[in-house]
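Here's the structure we're looking at; comments come further down.
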Amino acid sequence: MALLSLFRFMRACCLAGLVGLAVFIAGAAPALAAFVLPPLPYPAEALAPSIDATTMTIHHDRHHGAYVANLNARIADHPELEQLSLEDLQGRISRYPAAVRNNGGGHYNHSLFWRVMAPPGQGGTPSPQLQAAITAAFDSPEALQQRFAQAAADRFGSGWAWLIRRPDGSLAITSTANQDNPLMDLPGIERGVPLLGLDVWEHAYYLDYQNRRPDYIAAWWSLVNWNEVNRRFAEGLDASGASKS
């Protein structure tokens, strides 16, 4: 009888130990990532010679990858991030500390940046609707390019140049510092839906262009994916029409 009781006691201890070990392992396992690094929509070498394959690989895998990893690391402190889309996060970024702002903005900005570029000759042209909006806002596509290039060149230090669709439907060119963007609810930022964005951080161009940012900007225009810009512009028009009906 005593031996049977001892056996039962030892078995209970073993089971308790196994349960405790399982709980410990589960607690030590990292949470599922809410945000994922998207693959490039084309081979890394596809944008050459304007942007070389090495720059694209480093920019996407290391820089963008770091923004995603660092943003996911903030979920432990802000678990609601798991429930937010990347775009929704931008509109409430003022509620979060700098680490979420910088990495959340970096993830959004780069995710858009890859999509608004295409291999040379594959980006299409502005749609008639977008062309009309460009003419209304800037008089001509050439004037748009000049003003956009100026905004990109004049951004002191690191940042972005943007073509945005304002809430009233008109187009505007703006610029933001660091990894901020026009969706963010922050003071000093002109709000609007980004249609086109250009990364002017040095890591985006330094291997080929060193400190010659204007040369990078001029070469970049051959990569603009107007098909994606058209889609984003039309999506905004559809949303505007639905809100008025």
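We label chains A, B, ... in the order they appear in the structure tokens, count residues from 1 in each chain, and number ligands from 1 in the order shown.
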
As JSON, numbers by chain, which residues of region 124-223 of chain A does DSSP assign to alpha helix (DSSP H)?
-> {"A": [128, 129, 130, 131, 132, 133, 134, 135, 136, 137, 138, 141, 142, 143, 144, 145, 146, 147, 148, 149, 150, 151, 152, 153, 154, 206, 207, 208, 209, 213, 214, 215, 216, 217, 218, 219, 220]}

Would you save the residues from that selection as a compact mmCIF listing (two decimals), in the first residue's frame, using N, CA and C atoms?
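Dumped to out38.txt:
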# COMPACT_ATOMS: atom_id res chain seq x y z
N PRO A 128 -6.49 59.12 -67.63
CA PRO A 128 -7.12 60.40 -67.97
C PRO A 128 -7.61 61.17 -66.74
N GLN A 129 -8.17 60.44 -65.76
CA GLN A 129 -8.66 61.10 -64.56
C GLN A 129 -7.51 61.71 -63.75
N LEU A 130 -6.44 60.95 -63.60
CA LEU A 130 -5.30 61.47 -62.86
C LEU A 130 -4.63 62.60 -63.64
N GLN A 131 -4.55 62.46 -64.95
CA GLN A 131 -3.96 63.50 -65.78
C GLN A 131 -4.73 64.81 -65.61
N ALA A 132 -6.05 64.73 -65.57
CA ALA A 132 -6.87 65.94 -65.38
C ALA A 132 -6.60 66.57 -64.02
N ALA A 133 -6.46 65.73 -62.99
CA ALA A 133 -6.18 66.26 -61.65
C ALA A 133 -4.79 66.89 -61.58
N ILE A 134 -3.83 66.29 -62.28
CA ILE A 134 -2.47 66.85 -62.32
C ILE A 134 -2.48 68.21 -63.01
N THR A 135 -3.20 68.31 -64.12
CA THR A 135 -3.28 69.58 -64.84
C THR A 135 -3.95 70.65 -63.99
N ALA A 136 -5.01 70.26 -63.28
CA ALA A 136 -5.72 71.23 -62.43
C ALA A 136 -4.84 71.74 -61.30
N ALA A 137 -4.00 70.87 -60.75
CA ALA A 137 -3.19 71.25 -59.59
C ALA A 137 -1.87 71.88 -59.96
N PHE A 138 -1.25 71.41 -61.06
CA PHE A 138 0.13 71.81 -61.36
C PHE A 138 0.33 72.37 -62.77
N PRO A 141 2.25 67.77 -66.36
CA PRO A 141 3.05 66.72 -65.73
C PRO A 141 4.49 67.17 -65.48
N GLU A 142 5.02 67.99 -66.38
CA GLU A 142 6.39 68.49 -66.21
C GLU A 142 6.50 69.36 -64.95
N ALA A 143 5.47 70.18 -64.73
CA ALA A 143 5.48 71.03 -63.54
C ALA A 143 5.35 70.19 -62.28
N LEU A 144 4.55 69.13 -62.34
CA LEU A 144 4.46 68.21 -61.22
C LEU A 144 5.82 67.63 -60.88
N GLN A 145 6.53 67.14 -61.89
CA GLN A 145 7.83 66.55 -61.65
C GLN A 145 8.81 67.55 -61.06
N GLN A 146 8.77 68.77 -61.57
CA GLN A 146 9.69 69.79 -61.07
C GLN A 146 9.43 70.11 -59.61
N ARG A 147 8.16 70.27 -59.26
CA ARG A 147 7.82 70.62 -57.88
C ARG A 147 8.08 69.45 -56.93
N PHE A 148 7.80 68.26 -57.40
CA PHE A 148 8.05 67.07 -56.59
C PHE A 148 9.55 66.90 -56.35
N ALA A 149 10.33 67.05 -57.43
CA ALA A 149 11.78 66.93 -57.31
C ALA A 149 12.35 67.97 -56.37
N GLN A 150 11.79 69.17 -56.41
CA GLN A 150 12.26 70.23 -55.52
C GLN A 150 11.96 69.89 -54.06
N ALA A 151 10.76 69.35 -53.81
CA ALA A 151 10.40 68.96 -52.45
C ALA A 151 11.33 67.87 -51.93
N ALA A 152 11.68 66.92 -52.81
CA ALA A 152 12.58 65.84 -52.42
C ALA A 152 13.99 66.35 -52.17
N ALA A 153 14.46 67.24 -53.04
CA ALA A 153 15.83 67.77 -52.90
C ALA A 153 15.95 68.69 -51.69
N ASP A 154 14.90 69.42 -51.37
CA ASP A 154 14.94 70.39 -50.28
C ASP A 154 14.73 69.77 -48.90
N TYR A 206 22.78 55.87 -51.73
CA TYR A 206 24.17 56.29 -51.55
C TYR A 206 25.18 55.43 -52.32
N LEU A 207 24.93 54.14 -52.49
CA LEU A 207 25.91 53.29 -53.17
C LEU A 207 26.18 53.76 -54.59
N ASP A 208 25.14 54.21 -55.27
CA ASP A 208 25.29 54.66 -56.66
C ASP A 208 25.53 56.16 -56.79
N TYR A 209 24.88 56.94 -55.92
CA TYR A 209 24.84 58.39 -56.13
C TYR A 209 25.61 59.19 -55.09
N ARG A 213 21.94 63.64 -54.44
CA ARG A 213 20.51 63.33 -54.34
C ARG A 213 19.73 63.78 -55.58
N PRO A 214 19.99 64.97 -56.14
CA PRO A 214 19.23 65.35 -57.35
C PRO A 214 19.38 64.36 -58.51
N ASP A 215 20.55 63.74 -58.65
CA ASP A 215 20.73 62.74 -59.71
C ASP A 215 19.86 61.51 -59.46
N TYR A 216 19.79 61.09 -58.21
CA TYR A 216 18.93 59.97 -57.83
C TYR A 216 17.47 60.29 -58.12
N ILE A 217 17.04 61.49 -57.76
CA ILE A 217 15.65 61.90 -57.99
C ILE A 217 15.33 61.89 -59.48
N ALA A 218 16.23 62.45 -60.29
CA ALA A 218 15.99 62.50 -61.73
C ALA A 218 15.91 61.10 -62.33
N ALA A 219 16.78 60.18 -61.88
CA ALA A 219 16.77 58.82 -62.42
C ALA A 219 15.53 58.05 -61.96
N TRP A 220 15.02 58.38 -60.79
CA TRP A 220 13.89 57.65 -60.21
C TRP A 220 12.61 57.80 -61.03

Excluding His60 (chain A) and any residue of its chain fewer than 3 positions from it, enumerate the residues within 10 Å of it, using only C-alpha atoms, and give them as a VMD selection string.
-> chain A and resid 37 to 40 44 54 to 57 63 to 66 110 to 111 114 204

Any idea what's packed within 12 Å of region 95-98 of chain A, counting only C-alpha atoms, ignoring anything in its chain fewer than 3 positions away? Could you give it as a VMD selection string?
-> chain A and resid 70 to 71 74 to 75 77 to 81 89 to 92 101 to 106 178 to 180 184 to 186

With only C-alpha atoms as the atoms that count, which of A:Val116, A:Ala177, A:Val36, A:Ala73 lies nearest to Leu195 (chain A)?
->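 When distances to Leu195 (chain A) are compared using only C-alpha atoms, the smallest one comes from A:Val116.
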
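When only C-alpha atoms are used to measure the gap to Trp201 (chain A), the shortest distance among A:Val68, A:Ala234, A:Ala48, A:Ala161 belongs to A:Ala161.
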